[in-house]
Structures are given as structure tokens and as C-alpha cells.
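Asks: Sharing entry_23.cif, mmCIF, C-alpha atoms:
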```
data_model
loop_
_atom_site.group_PDB
_atom_site.id
_atom_site.type_symbol
_atom_site.label_atom_id
_atom_site.label_comp_id
_atom_site.auth_asym_id
_atom_site.auth_seq_id
_atom_site.Cartn_x
_atom_site.Cartn_y
_atom_site.Cartn_z
ATOM 1 C CA MET A 1 -12.969 18.284 -12.469
ATOM 2 C CA SER A 2 -13.805 16.345 -9.291
ATOM 3 C CA ALA A 3 -13.484 12.569 -9.042
ATOM 4 C CA PRO A 4 -16.604 10.437 -9.462
ATOM 5 C CA SER A 5 -18.650 9.959 -6.303
ATOM 6 C CA ARG A 6 -17.580 6.318 -5.866
ATOM 7 C CA PHE A 7 -14.070 7.640 -5.237
ATOM 8 C CA ASP A 8 -15.225 10.370 -2.879
ATOM 9 C CA ALA A 9 -12.550 10.850 -0.180
ATOM 10 C CA ASP A 10 -14.723 13.035 2.058
ATOM 11 C CA PRO A 11 -13.927 12.167 5.724
ATOM 12 C CA ALA A 12 -17.561 11.279 6.442
ATOM 13 C CA ARG A 13 -17.628 8.844 3.531
ATOM 14 C CA LEU A 14 -14.281 7.393 4.551
ATOM 15 C CA ARG A 15 -15.567 6.913 8.095
ATOM 16 C CA GLU A 16 -18.612 5.094 6.755
ATOM 17 C CA ARG A 17 -16.500 2.752 4.646
ATOM 18 C CA LEU A 18 -13.979 2.148 7.432
ATOM 19 C CA ALA A 19 -16.853 1.112 9.691
ATOM 20 C CA GLY A 20 -17.469 -1.764 7.303
ATOM 21 C CA LEU A 21 -13.981 -3.207 7.912
ATOM 22 C CA SER A 22 -13.770 -5.576 10.861
ATOM 23 C CA GLY A 23 -10.768 -5.428 13.162
ATOM 24 C CA LEU A 24 -9.927 -1.727 12.923
ATOM 25 C CA GLU A 25 -11.055 -0.846 16.462
ATOM 26 C CA ARG A 26 -8.921 -3.640 17.905
ATOM 27 C CA LEU A 27 -5.961 -2.461 15.830
ATOM 28 C CA ALA A 28 -6.296 1.178 16.879
ATOM 29 C CA ALA A 29 -6.630 0.159 20.537
ATOM 30 C CA ALA A 30 -3.502 -2.017 20.336
ATOM 31 C CA ALA A 31 -1.530 0.810 18.669
ATOM 32 C CA GLY A 32 -2.332 3.258 21.477
ATOM 33 C CA GLU A 33 -0.415 6.476 20.892
ATOM 34 C CA ARG A 34 1.602 5.075 17.998
ATOM 35 C CA PRO A 35 0.450 6.545 14.658
ATOM 36 C CA VAL A 36 -1.017 3.742 12.553
ATOM 37 C CA TYR A 37 -2.416 3.898 9.023
ATOM 38 C CA LEU A 38 -4.409 1.783 6.627
ATOM 39 C CA VAL A 39 -2.285 1.819 3.461
ATOM 40 C CA GLY A 40 -1.721 0.529 -0.032
ATOM 41 C CA GLY A 41 -4.108 -1.990 -1.512
ATOM 42 C CA ALA A 42 -6.400 -1.751 1.508
ATOM 43 C CA VAL A 43 -7.015 1.962 0.821
ATOM 44 C CA ARG A 44 -7.314 1.382 -2.923
ATOM 45 C CA ASP A 45 -9.955 -1.295 -2.374
ATOM 46 C CA LEU A 46 -11.714 0.821 0.246
ATOM 47 C CA LEU A 47 -12.147 3.572 -2.343
ATOM 48 C CA LEU A 48 -13.211 1.051 -4.976
ATOM 49 C CA GLY A 49 -15.786 -0.427 -2.604
ATOM 50 C CA ARG A 50 -14.173 -3.876 -2.863
ATOM 51 C CA HIS A 51 -14.296 -6.328 0.051
ATOM 52 C CA ARG A 52 -11.068 -7.771 1.406
ATOM 53 C CA ALA A 53 -10.241 -10.019 4.363
ATOM 54 C CA ASP A 54 -6.757 -8.617 4.963
ATOM 55 C CA LEU A 55 -5.633 -5.198 6.145
ATOM 56 C CA ASP A 56 -2.397 -3.526 5.008
ATOM 57 C CA VAL A 57 -1.197 -1.369 7.885
ATOM 58 C CA VAL A 58 1.820 0.879 8.468
ATOM 59 C CA VAL A 59 2.859 1.884 11.980
ATOM 60 C CA GLU A 60 5.301 4.644 12.829
ATOM 61 C CA GLY A 61 7.027 2.379 15.320
ATOM 62 C CA ASP A 62 7.759 -1.313 15.799
ATOM 63 C CA ALA A 63 5.466 -3.509 13.678
ATOM 64 C CA ALA A 64 6.494 -6.680 15.537
ATOM 65 C CA ALA A 65 5.628 -5.087 18.892
ATOM 66 C CA LEU A 66 2.200 -4.104 17.581
ATOM 67 C CA ALA A 67 1.699 -7.644 16.274
ATOM 68 C CA ALA A 68 2.505 -9.061 19.708
ATOM 69 C CA LYS A 69 0.074 -6.668 21.363
ATOM 70 C CA LEU A 70 -2.708 -7.704 18.991
ATOM 71 C CA GLY A 71 -2.348 -11.316 20.103
ATOM 72 C CA GLY A 72 -3.275 -14.177 17.838
ATOM 73 C CA GLU A 73 -0.901 -16.115 15.636
ATOM 74 C CA SER A 74 1.851 -13.921 14.235
ATOM 75 C CA VAL A 75 4.936 -14.253 12.045
ATOM 76 C CA ALA A 76 7.567 -11.502 12.054
ATOM 77 C CA HIS A 77 10.110 -10.794 9.297
ATOM 78 C CA ASP A 78 12.797 -8.714 10.993
ATOM 79 C CA ARG A 79 14.763 -8.126 7.788
ATOM 80 C CA PHE A 80 11.838 -6.227 6.265
ATOM 81 C CA ALA A 81 10.382 -4.811 9.514
ATOM 82 C CA THR A 82 7.058 -6.542 8.868
ATOM 83 C CA ALA A 83 4.732 -8.920 10.694
ATOM 84 C CA LYS A 84 1.612 -10.849 9.787
ATOM 85 C CA VAL A 85 -1.142 -11.615 12.295
ATOM 86 C CA ALA A 86 -4.268 -13.737 11.809
ATOM 87 C CA LEU A 87 -6.945 -12.969 14.372
ATOM 88 C CA ASP A 88 -10.725 -13.462 14.420
ATOM 89 C CA GLY A 89 -10.913 -14.002 10.668
ATOM 90 C CA VAL A 90 -8.849 -10.909 9.857
ATOM 91 C CA GLU A 91 -5.302 -11.015 8.489
ATOM 92 C CA TYR A 92 -3.202 -8.000 9.451
ATOM 93 C CA ASP A 93 -0.159 -7.235 7.284
ATOM 94 C CA LEU A 94 1.796 -4.873 9.523
ATOM 95 C CA ALA A 95 4.883 -2.908 8.503
ATOM 96 C CA THR A 96 7.096 -0.375 10.189
ATOM 97 C CA ALA A 97 7.087 2.854 8.142
ATOM 98 C CA ARG A 98 10.245 2.482 6.096
ATOM 99 C CA THR A 99 12.296 3.477 3.114
ATOM 100 C CA GLU A 100 14.217 1.056 0.953
ATOM 101 C CA SER A 101 17.140 0.866 -1.452
ATOM 102 C CA TYR A 102 18.157 -1.815 -3.923
ATOM 103 C CA PRO A 103 21.871 -2.723 -4.099
ATOM 104 C CA ARG A 104 21.337 -4.015 -7.647
ATOM 105 C CA PRO A 105 18.368 -4.515 -10.000
ATOM 106 C CA GLY A 106 16.072 -7.274 -8.792
ATOM 107 C CA ALA A 107 17.855 -7.655 -5.439
ATOM 108 C CA LEU A 108 15.956 -7.838 -2.168
ATOM 109 C CA PRO A 109 15.562 -4.336 -0.753
ATOM 110 C CA GLU A 110 17.535 -2.995 2.179
ATOM 111 C CA VAL A 111 15.058 -1.270 4.491
ATOM 112 C CA ARG A 112 15.409 1.442 7.135
ATOM 113 C CA PRO A 113 12.789 2.980 9.453
ATOM 114 C CA ALA A 114 11.425 6.223 8.033
ATOM 115 C CA SER A 115 8.369 8.481 7.900
ATOM 116 C CA LEU A 116 4.982 7.675 6.396
ATOM 117 C CA ASP A 117 5.789 9.983 3.453
ATOM 118 C CA ASP A 118 8.955 7.981 2.738
ATOM 119 C CA ASP A 119 7.010 4.744 3.035
ATOM 120 C CA LEU A 120 4.392 5.838 0.512
ATOM 121 C CA ALA A 121 7.094 7.076 -1.882
ATOM 122 C CA ARG A 122 8.713 3.615 -2.058
ATOM 123 C CA ARG A 123 5.568 1.904 -3.369
ATOM 124 C CA ASP A 124 4.856 0.557 -6.823
ATOM 125 C CA PHE A 125 1.979 2.621 -8.268
ATOM 126 C CA ALA A 126 0.276 5.849 -7.236
ATOM 127 C CA ILE A 127 -3.018 3.978 -6.637
ATOM 128 C CA ASN A 128 -1.189 1.975 -3.941
ATOM 129 C CA ALA A 129 0.546 4.986 -2.369
ATOM 130 C CA MET A 130 -2.352 6.324 -0.299
ATOM 131 C CA ALA A 131 -3.043 6.070 3.436
ATOM 132 C CA VAL A 132 -5.809 6.732 5.944
ATOM 133 C CA PRO A 133 -4.961 7.317 9.635
ATOM 134 C CA LEU A 134 -6.694 5.050 12.148
ATOM 135 C CA GLY A 135 -7.824 5.973 15.634
ATOM 136 C CA ARG A 136 -8.635 9.579 14.721
ATOM 137 C CA ASP A 137 -10.709 11.471 12.171
ATOM 138 C CA PRO A 138 -10.028 9.782 8.839
ATOM 139 C CA GLN A 139 -8.642 11.766 5.953
ATOM 140 C CA LEU A 140 -7.063 10.529 2.761
ATOM 141 C CA ILE A 141 -3.299 11.031 2.598
ATOM 142 C CA ASP A 142 -2.483 11.076 -1.113
ATOM 143 C CA PRO A 143 0.874 12.741 -1.885
ATOM 144 C CA HIS A 144 1.265 11.125 -5.332
ATOM 145 C CA GLY A 145 -2.151 11.692 -6.902
ATOM 146 C CA GLY A 146 -3.415 8.148 -6.510
ATOM 147 C CA LEU A 147 -7.064 9.189 -6.166
ATOM 148 C CA GLY A 148 -6.990 10.919 -9.534
ATOM 149 C CA ASP A 149 -5.357 7.869 -11.135
ATOM 150 C CA LEU A 150 -7.973 5.615 -9.550
ATOM 151 C CA ALA A 151 -10.772 7.769 -10.945
ATOM 152 C CA ALA A 152 -9.094 7.752 -14.370
ATOM 153 C CA GLY A 153 -8.530 3.979 -14.258
ATOM 154 C CA MET A 154 -4.789 4.421 -14.739
ATOM 155 C CA LEU A 155 -1.608 2.752 -13.473
ATOM 156 C CA ARG A 156 1.392 5.033 -12.971
ATOM 157 C CA VAL A 157 4.724 4.316 -11.273
ATOM 158 C CA LEU A 158 6.190 6.790 -8.813
ATOM 159 C CA HIS A 159 9.686 7.074 -10.268
ATOM 160 C CA GLU A 160 11.708 6.077 -13.326
ATOM 161 C CA ARG A 161 13.704 3.315 -11.588
ATOM 162 C CA SER A 162 10.614 1.523 -10.296
ATOM 163 C CA PHE A 163 10.824 -1.443 -12.693
ATOM 164 C CA VAL A 164 14.628 -1.525 -12.502
ATOM 165 C CA ASP A 165 14.525 -1.833 -8.714
ATOM 166 C CA ASP A 166 11.802 -4.469 -8.775
ATOM 167 C CA PRO A 167 11.067 -6.060 -12.179
ATOM 168 C CA THR A 168 8.147 -8.029 -10.694
ATOM 169 C CA ARG A 169 6.240 -4.734 -10.792
ATOM 170 C CA VAL A 170 5.848 -5.261 -14.547
ATOM 171 C CA LEU A 171 3.906 -8.441 -13.830
ATOM 172 C CA ARG A 172 1.946 -6.639 -11.131
ATOM 173 C CA ALA A 173 0.986 -3.918 -13.624
ATOM 174 C CA ALA A 174 -0.369 -6.562 -16.010
ATOM 175 C CA ARG A 175 -2.288 -8.221 -13.179
ATOM 176 C CA TYR A 176 -3.840 -4.942 -11.998
ATOM 177 C CA ALA A 177 -4.730 -3.954 -15.565
ATOM 178 C CA ALA A 178 -6.544 -7.260 -16.023
ATOM 179 C CA ARG A 179 -8.215 -7.276 -12.604
ATOM 180 C CA PHE A 180 -9.438 -3.680 -12.572
ATOM 181 C CA GLY A 181 -9.661 -2.929 -16.290
ATOM 182 C CA PHE A 182 -7.091 -0.127 -15.887
ATOM 183 C CA THR A 183 -4.870 1.312 -18.586
ATOM 184 C CA VAL A 184 -1.136 1.825 -18.133
ATOM 185 C CA GLU A 185 0.021 5.448 -18.280
ATOM 186 C CA PRO A 186 2.183 5.947 -21.423
ATOM 187 C CA GLY A 187 5.380 6.843 -19.540
ATOM 188 C CA THR A 188 4.910 3.837 -17.269
ATOM 189 C CA GLU A 189 4.309 1.586 -20.280
ATOM 190 C CA ALA A 190 7.539 2.797 -21.879
ATOM 191 C CA LEU A 191 9.480 2.051 -18.690
ATOM 192 C CA ALA A 192 7.895 -1.400 -18.482
ATOM 193 C CA ARG A 193 8.908 -2.237 -22.064
ATOM 194 C CA ARG A 194 12.521 -1.360 -21.231
ATOM 195 C CA ALA A 195 12.548 -3.386 -18.001
ATOM 196 C CA ASP A 196 14.755 -6.475 -17.774
ATOM 197 C CA LEU A 197 12.551 -9.378 -16.737
ATOM 198 C CA SER A 198 15.472 -11.828 -16.607
ATOM 199 C CA THR A 199 15.682 -11.316 -12.828
ATOM 200 C CA VAL A 200 12.042 -12.267 -12.271
ATOM 201 C CA SER A 201 11.848 -15.738 -10.712
#
```
Would you give me this structure, written as C-alpha cells?
Replies:
Amino acid sequence: MSAPSRFDADPARLRERLAGLSGLERLAAAAGERPVYLVGGAVRDLLLGRHRADLDVVVEGDAAALAAKLGGESVAHDRFATAKVALDGVEYDLATARTESYPRPGALPEVRPASLDDDLARRDFAINAMAVPLGRDPQLIDPHGGLGDLAAGMLRVLHERSFVDDPTRVLRAARYAARFGFTVEPGTEALARRADLSTVS
């Protein structure tokens, strides 16, 4: 059964919705030949038709270099290969495509440059593991079935160690459930109940 029309990921519909986001042309121009993608919560909210003033972006390259090219006021976090830029009323959250590992439960992640697929696989829930390429014909990249979960109003983690690696994801699940009226997938709920929240500050 196809997803409801409000979650239609047809390229023409995506293009129409992307046109409503300010700052994307400037971002694509600054990226040049570097592949750059709208990702995570920005794609989720795009499909939900929700307005947001910040853009979550992954670049297959140096996020700090892209931030510098955008101009404006920027703050780089070298340890996590991320940068934040505020420009013309738009906040860009830029990240180098990366993978991560956790030396112990609740520890800060150790990150390494990687592919977009690896970057999406490290995320918290399937609804936040989607991407749309910028600067070329838009198409939804959805390797973990996030669109189906979004249509079903469901939160589902991507792997069994998700809450062990980052216990704050339990709190995030509760926040998303309240904000969007979503249910938590039974397997995800079971993992959340077993999670140790003692490391959450």
C-alpha cells in the first residue's frame, strides 16, 4: 500500500517543497562539486510539511570548509566534524559524512569520515535517516524505511545497541512521540525499557 499523499516522495513534489526552504541555492552554490544533502530532521519535517528555520546538511567533504565558503558567523567543532553557520536568518547545521563508534555506553562518539550511507546508518530513528541531494534533481534517499515509518506514525531505532550507545535517545523518543503523536515500535520500546539512563546528564 502506498504512503499517504502528504508523505509523497515524488521528485516533483520534493522539488516544490524544497523551493519553500530559503538558503538552499546559496548552499548548493557554495558546495560546488562536493555532494551535499539535506538530512535528518530537515527531511522529516519537509515530508511532514512543517516549517523550520534551520537546515541539517551533510557534505561528502569538509564541513568546516563549506561553512567558511558560505560566509556569515560560523562555529566549527573539529572533534565531531561539524560546523554551524547563521546567515540571512537561516541556521545551517553542517556535518561531514561520518561514521561513529562509542568506546563505552554513554560516552561521546569517536567519528571518522565515511559515506552518506554510513552517515545515515549511525542515526537514531529511521524517520531521521533519510536524505535529499541538493544541487541536482531531488530524490528521497531512504535506505532504512523511514518514509514508511513516517506514514505509519512510528518510531523505530536502526540497531539493537542504539540506546546503549546513546541513552539520551530514550528521551528523544519520548519527545518525538509527544511532539508528533507517534507510537514507539514494539522492539524499540523493549530496547528503551532495558536502557540504562544513569549515564544521561
Asks: Suppose you want the space between atom CA of A:Arg193 and atom CA of A:Arg156; what is it in Å?
Replies: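 The value is 13.9 Å.
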Asks: Find the residues around stretch 36-46 of chain A up to 9 Å (all atoms listed in the file counted), leave out those fewer than 6 positions away in its own chain, and share them as JSON, numbers by chain.
Replies: {"A": [14, 17, 18, 21, 27, 28, 52, 54, 55, 56, 57, 58, 59, 60, 61, 116, 120, 123, 127, 128, 129, 130, 131, 132, 133, 134, 135, 140, 146, 147, 150]}
Asks: Give as a ChimeraX atom specification the set of residues within 12 Å of the point (12.1, -5.4, -17.3), where distances use the file's coordinates and all atoms listed in the file.
Replies: /A:105-106,161-173,188-200
Asks: Just write the chosen residues, C-alpha atoms, as a PDB file, keeping the file's coordinate frame.
Replies:
```pdb
ATOM      1  CA  PRO A 105      18.368  -4.515 -10.000  1.00  0.00           C
ATOM      2  CA  GLY A 106      16.072  -7.274  -8.792  1.00  0.00           C
ATOM      3  CA  ARG A 161      13.704   3.315 -11.588  1.00  0.00           C
ATOM      4  CA  SER A 162      10.614   1.523 -10.296  1.00  0.00           C
ATOM      5  CA  PHE A 163      10.824  -1.443 -12.693  1.00  0.00           C
ATOM      6  CA  VAL A 164      14.628  -1.525 -12.502  1.00  0.00           C
ATOM      7  CA  ASP A 165      14.525  -1.833  -8.714  1.00  0.00           C
ATOM      8  CA  ASP A 166      11.802  -4.469  -8.775  1.00  0.00           C
ATOM      9  CA  PRO A 167      11.067  -6.060 -12.179  1.00  0.00           C
ATOM     10  CA  THR A 168       8.147  -8.029 -10.694  1.00  0.00           C
ATOM     11  CA  ARG A 169       6.240  -4.734 -10.792  1.00  0.00           C
ATOM     12  CA  VAL A 170       5.848  -5.261 -14.547  1.00  0.00           C
ATOM     13  CA  LEU A 171       3.906  -8.441 -13.830  1.00  0.00           C
ATOM     14  CA  ARG A 172       1.946  -6.639 -11.131  1.00  0.00           C
ATOM     15  CA  ALA A 173       0.986  -3.918 -13.624  1.00  0.00           C
ATOM     16  CA  THR A 188       4.910   3.837 -17.269  1.00  0.00           C
ATOM     17  CA  GLU A 189       4.309   1.586 -20.280  1.00  0.00           C
ATOM     18  CA  ALA A 190       7.539   2.797 -21.879  1.00  0.00           C
ATOM     19  CA  LEU A 191       9.480   2.051 -18.690  1.00  0.00           C
ATOM     20  CA  ALA A 192       7.895  -1.400 -18.482  1.00  0.00           C
ATOM     21  CA  ARG A 193       8.908  -2.237 -22.064  1.00  0.00           C
ATOM     22  CA  ARG A 194      12.521  -1.360 -21.231  1.00  0.00           C
ATOM     23  CA  ALA A 195      12.548  -3.386 -18.001  1.00  0.00           C
ATOM     24  CA  ASP A 196      14.755  -6.475 -17.774  1.00  0.00           C
ATOM     25  CA  LEU A 197      12.551  -9.378 -16.737  1.00  0.00           C
ATOM     26  CA  SER A 198      15.472 -11.828 -16.607  1.00  0.00           C
ATOM     27  CA  THR A 199      15.682 -11.316 -12.828  1.00  0.00           C
ATOM     28  CA  VAL A 200      12.042 -12.267 -12.271  1.00  0.00           C
TER      29      VAL A 200
END
```
Asks: Do you have the atom CA of A:Leu155-atom CA of A:Val111 distance handy?
Replies: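 These atoms are spaced 24.8 Å apart.
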Asks: Go ahead and fit an axis-aligned box to every listed atom of stretch 69-85 of chain A plus 4 Å each side, and pass me the centre and edge lengths in Å, one decimal, as lines of an AutoDock Vina configuration file.
Replies:
```
center_x = 5.7
center_y = -10.5
center_z = 13.8
size_x = 26.0
size_y = 19.3
size_z = 23.1
```
Asks: I'd like to know which of A:Leu47, A:His159, A:Glu91, A:Gly148 is closest to A:Arg122, using only C-alpha atoms.
Replies: A:His159
Asks: Distance atom CA of A:Ala53-atom CA of A:Ile141, one decimal place?
Replies: 22.2 Å
Asks: With distances taken over only C-alpha atoms, which of A:Glu73, A:Ala114, A:Ala178, A:Ser22 is nearest to A:His51?
Replies: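 The closest residue to A:His51 is A:Ser22.
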Asks: Counting all atoms listed in the file, what is within 7 Å of A:Arg112, bar same-chain residues fewer than 4 positions away, as a PyMOL selection string?
Replies: chain A and resi 98-100
Asks: Could you tell me which of A:Gly49, A:Ala63, A:Ala81, A:Gly32 comes closest to A:Gly20 if we count only C-alpha atoms?
Replies: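 Smallest separation from A:Gly20 among the options: A:Gly49.
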Asks: So which residues touch A:Asp78 within 12 Å, counting only C-alpha atoms, skipping near sequence neighbours fewer than 6 positions away, as a short mmCIF file (atom, residue, chain, number, x, y, z; two decimals) with C-alpha atoms, keeping the file's coordinate frame?
Replies:
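Listing of around.cif after writing:
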```
data_model
loop_
_atom_site.label_atom_id
_atom_site.label_comp_id
_atom_site.auth_asym_id
_atom_site.auth_seq_id
_atom_site.Cartn_x
_atom_site.Cartn_y
_atom_site.Cartn_z
CA ASP A 62 7.76 -1.31 15.80
CA ALA A 63 5.47 -3.51 13.68
CA ALA A 64 6.49 -6.68 15.54
CA ALA A 65 5.63 -5.09 18.89
CA LYS A 84 1.61 -10.85 9.79
CA LEU A 94 1.80 -4.87 9.52
CA ALA A 95 4.88 -2.91 8.50
CA THR A 96 7.10 -0.38 10.19
CA GLU A 110 17.54 -3.00 2.18
CA VAL A 111 15.06 -1.27 4.49
CA ARG A 112 15.41 1.44 7.14
CA PRO A 113 12.79 2.98 9.45
#
```
Asks: Between A:Val90, A:Ala97, A:Leu66, A:Leu48, single out the one closest to A:Ala30, counting all atoms listed in the file.
Replies: A:Leu66
Asks: Ranking A:Ala174, A:Leu87, A:Ala9, A:Ala121 by minimum distance to A:Ala151 and counting all atoms listed in the file, which one comes first?
Replies: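 Going through A:Ala174, A:Leu87, A:Ala9, A:Ala121 one by one, the smallest distance to A:Ala151 is for A:Ala9.
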Asks: Model the absent atoms of stretch 167-199 of chain A so that N, CA and C atoms are present, and write the result as a tab-separated table (two decimals), in the coordinates of the input.
Replies:
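Final output, saved to part_11.tsv:
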```
chain	number	residue	atom	x	y	z
A	167	PRO	N	11.69	-5.70	-10.90
A	167	PRO	CA	11.07	-6.06	-12.18
A	167	PRO	C	9.73	-6.78	-12.03
A	168	THR	N	9.44	-7.36	-10.87
A	168	THR	CA	8.15	-8.03	-10.69
A	168	THR	C	7.00	-7.03	-10.78
A	169	ARG	N	7.29	-5.75	-10.68
A	169	ARG	CA	6.24	-4.73	-10.79
A	169	ARG	C	5.64	-4.70	-12.19
A	170	VAL	N	6.40	-5.16	-13.19
A	170	VAL	CA	5.85	-5.26	-14.55
A	170	VAL	C	4.71	-6.28	-14.55
A	171	LEU	N	4.94	-7.41	-13.91
A	171	LEU	CA	3.91	-8.44	-13.83
A	171	LEU	C	2.71	-7.95	-13.02
A	172	ARG	N	3.01	-7.19	-11.96
A	172	ARG	CA	1.95	-6.64	-11.13
A	172	ARG	C	1.08	-5.66	-11.94
A	173	ALA	N	1.73	-4.86	-12.78
A	173	ALA	CA	0.99	-3.92	-13.62
A	173	ALA	C	0.02	-4.67	-14.54
A	174	ALA	N	0.50	-5.77	-15.13
A	174	ALA	CA	-0.37	-6.56	-16.01
A	174	ALA	C	-1.53	-7.16	-15.22
A	175	ARG	N	-1.24	-7.62	-14.01
A	175	ARG	CA	-2.29	-8.22	-13.18
A	175	ARG	C	-3.34	-7.19	-12.78
A	176	TYR	N	-2.90	-6.00	-12.37
A	176	TYR	CA	-3.84	-4.94	-12.00
A	176	TYR	C	-4.67	-4.49	-13.20
A	177	ALA	N	-4.01	-4.38	-14.36
A	177	ALA	CA	-4.73	-3.95	-15.56
A	177	ALA	C	-5.84	-4.95	-15.89
A	178	ALA	N	-5.54	-6.24	-15.73
A	178	ALA	CA	-6.54	-7.26	-16.02
A	178	ALA	C	-7.64	-7.29	-14.96
A	179	ARG	N	-7.25	-7.17	-13.70
A	179	ARG	CA	-8.22	-7.28	-12.60
A	179	ARG	C	-9.16	-6.09	-12.56
A	180	PHE	N	-8.63	-4.89	-12.73
A	180	PHE	CA	-9.44	-3.68	-12.57
A	180	PHE	C	-9.87	-3.05	-13.90
A	181	GLY	N	-9.35	-3.55	-15.01
A	181	GLY	CA	-9.66	-2.93	-16.29
A	181	GLY	C	-8.97	-1.59	-16.46
A	182	PHE	N	-7.81	-1.40	-15.81
A	182	PHE	CA	-7.09	-0.13	-15.89
A	182	PHE	C	-6.19	-0.10	-17.12
A	183	THR	N	-5.87	1.12	-17.55
A	183	THR	CA	-4.87	1.31	-18.59
A	183	THR	C	-3.55	1.69	-17.92
A	184	VAL	N	-2.46	1.47	-18.64
A	184	VAL	CA	-1.14	1.82	-18.13
A	184	VAL	C	-0.75	3.17	-18.71
A	185	GLU	N	-0.38	4.10	-17.86
A	185	GLU	CA	0.02	5.45	-18.28
A	185	GLU	C	1.18	5.33	-19.27
A	186	PRO	N	1.19	6.12	-20.35
A	186	PRO	CA	2.18	5.95	-21.42
A	186	PRO	C	3.63	5.93	-20.94
A	187	GLY	N	4.00	6.84	-20.04
A	187	GLY	CA	5.38	6.84	-19.54
A	187	GLY	C	5.70	5.57	-18.77
A	188	THR	N	4.73	5.08	-18.02
A	188	THR	CA	4.91	3.84	-17.27
A	188	THR	C	5.03	2.66	-18.23
A	189	GLU	N	4.23	2.67	-19.29
A	189	GLU	CA	4.31	1.59	-20.28
A	189	GLU	C	5.68	1.56	-20.94
A	190	ALA	N	6.22	2.73	-21.25
A	190	ALA	CA	7.54	2.80	-21.88
A	190	ALA	C	8.61	2.24	-20.95
A	191	LEU	N	8.52	2.58	-19.66
A	191	LEU	CA	9.48	2.05	-18.69
A	191	LEU	C	9.34	0.54	-18.56
A	192	ALA	N	8.13	0.04	-18.59
A	192	ALA	CA	7.90	-1.40	-18.48
A	192	ALA	C	8.49	-2.14	-19.67
A	193	ARG	N	8.38	-1.58	-20.86
A	193	ARG	CA	8.91	-2.24	-22.06
A	193	ARG	C	10.43	-2.31	-22.02
A	194	ARG	N	11.05	-1.36	-21.31
A	194	ARG	CA	12.52	-1.36	-21.23
A	194	ARG	C	13.04	-2.20	-20.07
A	195	ALA	N	12.13	-2.66	-19.21
A	195	ALA	CA	12.55	-3.39	-18.00
A	195	ALA	C	13.14	-4.74	-18.38
A	196	ASP	N	14.12	-5.17	-17.59
A	196	ASP	CA	14.76	-6.48	-17.77
A	196	ASP	C	14.04	-7.48	-16.88
A	197	LEU	N	13.30	-8.39	-17.51
A	197	LEU	CA	12.55	-9.38	-16.74
A	197	LEU	C	13.36	-10.63	-16.45
A	198	SER	N	14.65	-10.63	-16.82
A	198	SER	CA	15.47	-11.83	-16.61
A	198	SER	C	15.68	-12.13	-15.13
A	199	THR	N	15.49	-11.10	-14.26
A	199	THR	CA	15.68	-11.32	-12.83
A	199	THR	C	14.42	-11.77	-12.14
```
